[in-house]
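Student: My structure is stored as protein_37.cif, with mmCIF, N, CA and C atoms.
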data_data
#
loop_
_atom_site.label_atom_id
_atom_site.label_comp_id
_atom_site.auth_asym_id
_atom_site.auth_seq_id
_atom_site.Cartn_x
_atom_site.Cartn_y
_atom_site.Cartn_z
N MET H 1 -179.44 167.17 5.04
CA MET H 1 -178.16 167.83 4.88
C MET H 1 -177.30 167.63 6.13
N ASN H 2 -177.08 166.39 6.48
CA ASN H 2 -176.19 166.10 7.61
C ASN H 2 -174.75 166.12 7.15
N THR H 3 -173.89 166.70 7.95
CA THR H 3 -172.45 166.63 7.76
C THR H 3 -171.87 166.28 9.12
N ALA H 4 -172.10 165.04 9.51
CA ALA H 4 -171.68 164.60 10.84
C ALA H 4 -170.18 164.31 10.85
N VAL H 5 -169.52 164.79 11.88
CA VAL H 5 -168.10 164.52 12.08
C VAL H 5 -167.92 163.45 13.14
N LEU H 6 -168.81 163.46 14.16
CA LEU H 6 -168.76 162.47 15.23
C LEU H 6 -170.18 162.03 15.57
N ILE H 7 -170.45 160.74 15.38
CA ILE H 7 -171.73 160.15 15.77
C ILE H 7 -171.42 159.08 16.80
N LYS H 8 -172.13 159.13 17.93
CA LYS H 8 -171.94 158.17 19.01
C LYS H 8 -173.23 157.38 19.20
N SER H 9 -173.14 156.05 19.22
CA SER H 9 -174.29 155.22 19.54
C SER H 9 -174.42 155.14 21.05
N MET H 10 -175.64 155.39 21.53
CA MET H 10 -175.92 155.37 22.96
C MET H 10 -177.18 154.55 23.20
N ASN H 11 -177.47 154.23 24.45
CA ASN H 11 -178.71 153.54 24.80
C ASN H 11 -179.77 154.59 25.08
N ALA H 12 -180.96 154.38 24.54
CA ALA H 12 -182.06 155.31 24.80
C ALA H 12 -182.57 155.08 26.21
N GLY H 13 -182.44 156.09 27.07
CA GLY H 13 -182.92 156.01 28.44
C GLY H 13 -184.41 156.27 28.53
N ALA H 14 -185.00 156.70 27.45
CA ALA H 14 -186.44 156.95 27.29
C ALA H 14 -186.66 156.96 25.78
N ILE H 15 -187.89 157.13 25.36
CA ILE H 15 -188.14 157.24 23.92
C ILE H 15 -187.41 158.48 23.40
N VAL H 16 -186.65 158.31 22.33
CA VAL H 16 -185.94 159.42 21.70
C VAL H 16 -186.39 159.47 20.24
N ARG H 17 -187.08 160.54 19.90
CA ARG H 17 -187.52 160.69 18.52
C ARG H 17 -186.38 161.22 17.65
N GLY H 18 -186.50 160.98 16.37
CA GLY H 18 -185.49 161.44 15.43
C GLY H 18 -185.43 162.94 15.32
N ARG H 19 -184.24 163.44 15.09
CA ARG H 19 -183.98 164.86 14.85
C ARG H 19 -184.37 165.73 16.05
N ARG H 20 -183.96 165.30 17.24
CA ARG H 20 -184.23 166.04 18.48
C ARG H 20 -182.93 166.31 19.21
N PHE H 21 -182.89 167.39 19.98
CA PHE H 21 -181.75 167.61 20.86
C PHE H 21 -181.74 166.52 21.92
N VAL H 22 -180.54 166.08 22.28
CA VAL H 22 -180.36 164.96 23.20
C VAL H 22 -179.50 165.41 24.38
N ALA H 23 -179.83 164.85 25.55
CA ALA H 23 -179.07 165.08 26.78
C ALA H 23 -178.64 163.74 27.35
N VAL H 24 -177.75 163.78 28.32
CA VAL H 24 -177.29 162.56 28.98
C VAL H 24 -178.42 162.02 29.85
N GLY H 25 -178.63 160.71 29.80
CA GLY H 25 -179.65 160.06 30.61
C GLY H 25 -179.14 159.72 32.00
N ALA H 26 -179.93 158.94 32.74
CA ALA H 26 -179.60 158.60 34.13
C ALA H 26 -178.49 157.57 34.25
N ALA H 27 -178.28 156.76 33.24
CA ALA H 27 -177.24 155.72 33.28
C ALA H 27 -176.08 156.11 32.37
N ASP H 28 -174.94 155.45 32.56
CA ASP H 28 -173.80 155.68 31.68
C ASP H 28 -174.18 155.34 30.24
N PHE H 29 -173.73 156.15 29.32
CA PHE H 29 -173.96 155.97 27.89
C PHE H 29 -175.43 155.92 27.52
N ALA H 30 -176.29 156.56 28.32
CA ALA H 30 -177.72 156.66 28.01
C ALA H 30 -178.03 158.06 27.52
N ALA H 31 -178.97 158.14 26.58
CA ALA H 31 -179.39 159.42 26.02
C ALA H 31 -180.89 159.56 26.16
N ILE H 32 -181.34 160.79 26.40
CA ILE H 32 -182.76 161.12 26.47
C ILE H 32 -182.99 162.39 25.67
N GLU H 33 -184.26 162.65 25.32
CA GLU H 33 -184.56 163.92 24.67
C GLU H 33 -184.28 165.06 25.64
N ALA H 34 -183.65 166.09 25.16
CA ALA H 34 -183.33 167.25 26.00
C ALA H 34 -184.58 168.09 26.24
N ASN H 35 -184.52 168.92 27.27
CA ASN H 35 -185.52 169.96 27.51
C ASN H 35 -184.75 171.23 27.84
N ALA H 36 -185.44 172.29 28.15
CA ALA H 36 -184.79 173.58 28.38
C ALA H 36 -183.77 173.55 29.53
N ALA H 37 -183.99 172.68 30.52
CA ALA H 37 -183.09 172.62 31.68
C ALA H 37 -181.91 171.68 31.47
N ALA H 38 -181.93 170.88 30.43
CA ALA H 38 -180.90 169.86 30.22
C ALA H 38 -179.70 170.42 29.46
N ILE H 39 -178.53 169.91 29.80
CA ILE H 39 -177.33 170.25 29.04
C ILE H 39 -177.31 169.38 27.78
N ILE H 40 -177.35 170.03 26.65
CA ILE H 40 -177.46 169.34 25.36
C ILE H 40 -176.10 168.79 24.95
N ILE H 41 -176.11 167.53 24.47
CA ILE H 41 -174.86 166.91 24.01
C ILE H 41 -174.83 166.66 22.51
N GLY H 42 -175.98 166.77 21.84
CA GLY H 42 -176.02 166.53 20.41
C GLY H 42 -177.43 166.44 19.89
N VAL H 43 -177.58 165.86 18.69
CA VAL H 43 -178.86 165.73 18.01
C VAL H 43 -179.02 164.28 17.56
N SER H 44 -180.20 163.70 17.82
CA SER H 44 -180.47 162.34 17.36
C SER H 44 -180.57 162.32 15.84
N THR H 45 -180.18 161.20 15.24
CA THR H 45 -180.32 161.07 13.79
C THR H 45 -181.80 160.93 13.46
N GLU H 46 -182.13 160.66 12.21
CA GLU H 46 -183.52 160.69 11.76
C GLU H 46 -184.40 159.55 12.29
N TYR H 47 -183.80 158.55 12.94
CA TYR H 47 -184.57 157.39 13.39
C TYR H 47 -185.01 157.50 14.84
N ASP H 48 -186.27 157.11 15.11
CA ASP H 48 -186.78 157.07 16.48
C ASP H 48 -186.18 155.86 17.20
N ALA H 49 -186.06 155.97 18.52
CA ALA H 49 -185.55 154.86 19.34
C ALA H 49 -186.46 154.65 20.54
N ALA H 50 -186.82 153.39 20.77
CA ALA H 50 -187.60 153.03 21.96
C ALA H 50 -186.66 152.92 23.15
N ILE H 51 -187.22 152.85 24.34
CA ILE H 51 -186.41 152.70 25.56
C ILE H 51 -185.52 151.47 25.41
N ALA H 52 -184.24 151.63 25.74
CA ALA H 52 -183.20 150.59 25.70
C ALA H 52 -182.70 150.27 24.30
N ASP H 53 -183.29 150.85 23.25
CA ASP H 53 -182.75 150.69 21.90
C ASP H 53 -181.50 151.54 21.75
N GLN H 54 -180.77 151.31 20.68
CA GLN H 54 -179.63 152.15 20.36
C GLN H 54 -180.13 153.41 19.66
N VAL H 55 -179.55 154.54 20.02
CA VAL H 55 -179.85 155.80 19.36
C VAL H 55 -178.52 156.43 18.96
N ASP H 56 -178.44 156.84 17.70
CA ASP H 56 -177.22 157.49 17.22
C ASP H 56 -177.36 159.00 17.46
N VAL H 57 -176.32 159.59 18.06
CA VAL H 57 -176.33 161.00 18.41
C VAL H 57 -175.19 161.69 17.67
N VAL H 58 -175.54 162.69 16.85
CA VAL H 58 -174.53 163.51 16.18
C VAL H 58 -174.03 164.50 17.23
N MET H 59 -172.74 164.38 17.57
CA MET H 59 -172.18 165.21 18.63
C MET H 59 -171.31 166.35 18.10
N VAL H 60 -170.81 166.21 16.88
CA VAL H 60 -170.00 167.24 16.24
C VAL H 60 -170.39 167.29 14.77
N GLY H 61 -170.61 168.49 14.27
CA GLY H 61 -170.92 168.66 12.87
C GLY H 61 -172.24 169.37 12.66
N ILE H 62 -172.88 169.04 11.54
CA ILE H 62 -174.17 169.61 11.18
C ILE H 62 -175.19 168.48 11.13
N ALA H 63 -176.33 168.68 11.78
CA ALA H 63 -177.40 167.68 11.79
C ALA H 63 -178.72 168.38 11.50
N GLU H 64 -179.73 167.59 11.18
CA GLU H 64 -181.06 168.14 10.96
C GLU H 64 -181.86 168.04 12.25
N ILE H 65 -182.65 169.09 12.54
CA ILE H 65 -183.47 169.12 13.75
C ILE H 65 -184.87 169.59 13.42
N VAL H 66 -185.84 169.04 14.15
CA VAL H 66 -187.23 169.48 14.06
C VAL H 66 -187.37 170.75 14.90
N LEU H 67 -188.05 171.74 14.35
CA LEU H 67 -188.25 172.98 15.10
C LEU H 67 -189.53 172.93 15.94
N GLY H 68 -189.47 173.59 17.09
CA GLY H 68 -190.62 173.69 17.97
C GLY H 68 -191.23 175.09 17.96
N GLY H 69 -190.75 175.96 17.09
CA GLY H 69 -191.26 177.33 17.00
C GLY H 69 -190.60 178.06 15.83
N VAL H 70 -190.88 179.33 15.72
CA VAL H 70 -190.31 180.15 14.65
C VAL H 70 -188.84 180.44 14.97
N VAL H 71 -187.99 180.23 13.98
CA VAL H 71 -186.55 180.42 14.15
C VAL H 71 -185.99 181.12 12.92
N ALA H 72 -185.10 182.09 13.14
CA ALA H 72 -184.39 182.75 12.04
C ALA H 72 -182.99 182.16 11.95
N ARG H 73 -182.48 182.06 10.73
CA ARG H 73 -181.12 181.51 10.57
C ARG H 73 -180.14 182.35 11.37
N GLY H 74 -179.15 181.66 11.94
CA GLY H 74 -178.16 182.32 12.77
C GLY H 74 -178.52 182.37 14.24
N THR H 75 -179.77 182.01 14.56
CA THR H 75 -180.25 182.04 15.94
C THR H 75 -179.65 180.89 16.75
N ARG H 76 -179.35 181.16 18.03
CA ARG H 76 -178.98 180.09 18.95
C ARG H 76 -180.21 179.24 19.21
N LEU H 77 -180.03 177.91 19.17
CA LEU H 77 -181.14 177.01 19.41
C LEU H 77 -180.95 176.23 20.71
N GLY H 78 -182.03 176.11 21.45
CA GLY H 78 -182.10 175.25 22.62
C GLY H 78 -183.23 174.27 22.41
N ALA H 79 -183.57 173.51 23.44
CA ALA H 79 -184.61 172.50 23.33
C ALA H 79 -185.89 172.94 24.02
N ASP H 80 -187.03 172.58 23.40
CA ASP H 80 -188.30 172.75 24.10
C ASP H 80 -188.54 171.49 24.94
N ALA H 81 -189.72 171.32 25.50
CA ALA H 81 -190.02 170.18 26.37
C ALA H 81 -189.95 168.84 25.63
N ASN H 82 -189.96 168.86 24.30
CA ASN H 82 -189.92 167.65 23.49
C ASN H 82 -188.62 167.47 22.73
N GLY H 83 -187.60 168.24 23.05
CA GLY H 83 -186.31 168.12 22.38
C GLY H 83 -186.23 168.83 21.04
N ALA H 84 -187.33 169.48 20.62
CA ALA H 84 -187.32 170.21 19.35
C ALA H 84 -186.55 171.52 19.52
N GLY H 85 -186.02 172.03 18.43
CA GLY H 85 -185.22 173.26 18.47
C GLY H 85 -186.08 174.50 18.57
N VAL H 86 -185.72 175.37 19.52
CA VAL H 86 -186.39 176.66 19.70
C VAL H 86 -185.34 177.74 19.90
N ALA H 87 -185.71 178.98 19.57
CA ALA H 87 -184.80 180.11 19.76
C ALA H 87 -184.52 180.30 21.24
N VAL H 88 -183.26 180.64 21.55
CA VAL H 88 -182.84 180.86 22.94
C VAL H 88 -182.51 182.34 23.11
N ALA H 89 -183.22 182.99 24.02
CA ALA H 89 -182.98 184.40 24.33
C ALA H 89 -183.31 184.61 25.80
N PRO H 90 -182.39 184.23 26.71
CA PRO H 90 -182.70 184.32 28.14
C PRO H 90 -182.78 185.76 28.64
N ALA H 91 -183.59 185.94 29.68
CA ALA H 91 -183.70 187.24 30.32
C ALA H 91 -182.41 187.56 31.07
N THR H 92 -182.23 188.80 31.44
CA THR H 92 -181.03 189.25 32.15
C THR H 92 -180.76 188.38 33.37
N GLY H 93 -179.54 187.88 33.46
CA GLY H 93 -179.11 187.09 34.60
C GLY H 93 -179.55 185.64 34.59
N ILE H 94 -180.31 185.23 33.59
CA ILE H 94 -180.80 183.85 33.49
C ILE H 94 -179.91 183.07 32.53
N ASN H 95 -179.53 181.86 32.94
CA ASN H 95 -178.73 180.99 32.08
C ASN H 95 -179.64 180.17 31.16
N ALA H 96 -179.14 179.84 29.98
CA ALA H 96 -179.88 179.01 29.04
C ALA H 96 -178.92 178.04 28.36
N ASN H 97 -179.38 176.81 28.17
CA ASN H 97 -178.59 175.79 27.47
C ASN H 97 -178.81 175.93 25.97
N VAL H 98 -177.73 175.90 25.23
CA VAL H 98 -177.77 176.04 23.78
C VAL H 98 -177.19 174.78 23.17
N GLY H 99 -177.84 174.30 22.09
CA GLY H 99 -177.34 173.12 21.39
C GLY H 99 -176.58 173.47 20.13
N GLY H 100 -176.83 174.67 19.58
CA GLY H 100 -176.13 175.06 18.37
C GLY H 100 -176.79 176.24 17.70
N PHE H 101 -176.49 176.41 16.42
CA PHE H 101 -176.95 177.57 15.65
C PHE H 101 -177.75 177.12 14.44
N ALA H 102 -178.90 177.77 14.23
CA ALA H 102 -179.75 177.48 13.08
C ALA H 102 -179.05 177.93 11.80
N LEU H 103 -178.99 177.05 10.82
CA LEU H 103 -178.38 177.40 9.54
C LEU H 103 -179.42 177.77 8.50
N ALA H 104 -180.70 177.70 8.88
CA ALA H 104 -181.80 178.09 8.00
C ALA H 104 -182.94 178.61 8.88
N SER H 105 -183.84 179.34 8.28
CA SER H 105 -185.03 179.81 9.00
C SER H 105 -186.13 178.78 8.87
N GLY H 106 -187.09 178.80 9.81
CA GLY H 106 -188.21 177.87 9.72
C GLY H 106 -189.24 178.14 10.79
N VAL H 107 -190.29 177.34 10.76
CA VAL H 107 -191.38 177.43 11.74
C VAL H 107 -191.58 176.05 12.37
N ALA H 108 -192.43 175.99 13.39
CA ALA H 108 -192.68 174.74 14.10
C ALA H 108 -193.00 173.61 13.13
N GLY H 109 -192.33 172.48 13.33
CA GLY H 109 -192.54 171.32 12.47
C GLY H 109 -191.57 171.21 11.32
N ASP H 110 -190.93 172.32 10.94
CA ASP H 110 -189.93 172.27 9.87
C ASP H 110 -188.69 171.52 10.35
N ILE H 111 -187.96 170.98 9.40
CA ILE H 111 -186.67 170.34 9.68
C ILE H 111 -185.60 171.19 9.02
N ILE H 112 -184.65 171.67 9.85
CA ILE H 112 -183.59 172.54 9.33
C ILE H 112 -182.22 172.01 9.79
N PRO H 113 -181.15 172.43 9.12
CA PRO H 113 -179.82 172.06 9.59
C PRO H 113 -179.39 172.93 10.76
N VAL H 114 -178.69 172.32 11.71
CA VAL H 114 -178.17 173.03 12.87
C VAL H 114 -176.68 172.71 13.02
N LEU H 115 -175.88 173.73 13.25
CA LEU H 115 -174.47 173.55 13.55
C LEU H 115 -174.38 173.25 15.04
N ILE H 116 -173.94 172.06 15.39
CA ILE H 116 -173.94 171.63 16.78
C ILE H 116 -172.77 172.26 17.52
N GLN H 117 -173.09 173.08 18.52
CA GLN H 117 -172.09 173.73 19.38
C GLN H 117 -172.70 173.93 20.76
N PRO H 118 -172.78 172.85 21.55
CA PRO H 118 -173.37 172.99 22.88
C PRO H 118 -172.60 173.98 23.75
N HIS H 119 -173.35 174.86 24.43
CA HIS H 119 -172.78 175.79 25.38
C HIS H 119 -173.91 176.39 26.23
N ILE H 120 -173.53 177.18 27.20
CA ILE H 120 -174.50 177.85 28.07
C ILE H 120 -174.28 179.35 27.93
N ILE H 121 -175.39 180.10 27.81
CA ILE H 121 -175.28 181.56 27.75
C ILE H 121 -176.07 182.16 28.90
N GLN H 122 -175.74 183.40 29.23
CA GLN H 122 -176.48 184.12 30.26
C GLN H 122 -177.02 185.40 29.63
N GLY H 123 -178.31 185.66 29.86
CA GLY H 123 -178.95 186.85 29.33
C GLY H 123 -178.35 188.11 29.92
N GLN H 124 -178.30 189.17 29.10
CA GLN H 124 -177.70 190.41 29.56
C GLN H 124 -178.66 191.56 29.45
#
I'd like the structure from this file rewritten - as structure tokens, please.

Tutor:
Amino acid sequence: MNTAVLIKSMNAGAIVRGRRFVAVGAADFAAIEANAAAIIIGVSTEYDAAIADQVDVVMVGIAEIVLGGVVARGTRLGADANGAGVAVAPATGINANVGGFALASGVAGDIIPVLIQPHIIQGQ
């Protein structure tokens, strides 16, 4: 259930699996799988990319993402260590990178649609 508005082809700066949150890599126009500390720029499409291959990144719209844990629809999603979507709920005063909002509920390994809206929140 992708409804992509903007897809950008980038160079994979490392292995990028399909349906993962993506961050900017070390080189210009390079993408890597995001982690909790990375600023998320979008979601990789369903195809895996080897290092230096092209990877398509959905930057605006709705994309499908693999979950790394239990998520309820409407939850803010960030990335785990493998770029999979996980619920974001930072402790007071702690910042967290968000890639978007879950449009369905699911558990680890499920593929759900996510509304891509990268931002940073601070726990209160």

Student: Step by step, work through what the PyMOL selection byres ((chain H and resi 38-55) around 7) selects in the shown file, and finish by giving those residues as a PyMOL selection string.

Tutor: chain H and resi 8-24+34-37+56-60+63-64+97-99+116+118-119

Student: Determine which residues of chain H receive a DSSP assignment of strand (DSSP E), computed from the backbone, and state them as a count of residues only.

Tutor: 63

Student: I'd like the interatomic distance between atom CA of Gly69 of chain H and atom N of Val107 of chain H, to a tenth of an Å.

Tutor: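 So the answer is 6.3 Å.
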
Student: Suppose you want the space between atom CA of Asp110 of chain H and atom CA of Val70 of chain H; what is it in Å?

Tutor: 9.2 Å

Student: Tell me which of H:Ala87, H:Ala30, H:Leu67, H:Ala96 sits closest to Ile111 of chain H, counting only N, CA and C atoms.

Tutor: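 Checking each of H:Ala87, H:Ala30, H:Leu67, H:Ala96 against Ile111 of chain H, counting only N, CA and C atoms, the winner is H:Leu67.
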
Student: Quick one: residues within 12 Å of Val71 of chain H, only C-alpha atoms, excluding same-chain residues fewer than 6 positions away - as an MDAnalysis selection string?

Tutor: chainID H and resid 65 77:78 84:89 101:114

Student: So what do you get for atom CA of Gln122 of chain H versus atom CA of Gly74 of chain H, distance-wise?

Tutor: 17.7 Å

Student: Listed atoms of segment 57-73 of chain H, axis-aligned box, 4 Å per side: centre and edge lengths to one decimal in Å, as AutoDock Vina command-line options?

Tutor:
--center_x -180.6 --center_y 171.2 --center_z 14.6 --size_x 29.3 --size_y 31.2 --size_z 16.1

Student: Check the smallest atom-to-atom distance from each of H:Val66, H:Asp28, H:Gly61, H:Leu6 to Gln117 of chain H using only N, CA and C atoms, then report the winner.

Tutor: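 Answer, going by the shortest atom-to-atom distance: H:Gly61.
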
Student: Can you pull out every residue within 7 Å of Gly123 of chain H, counting all atoms listed in the file, but drop anything in the same chain fewer than 2 positions away, and send it as a PyMOL selection string?

Tutor: chain H and resi 89-96+121
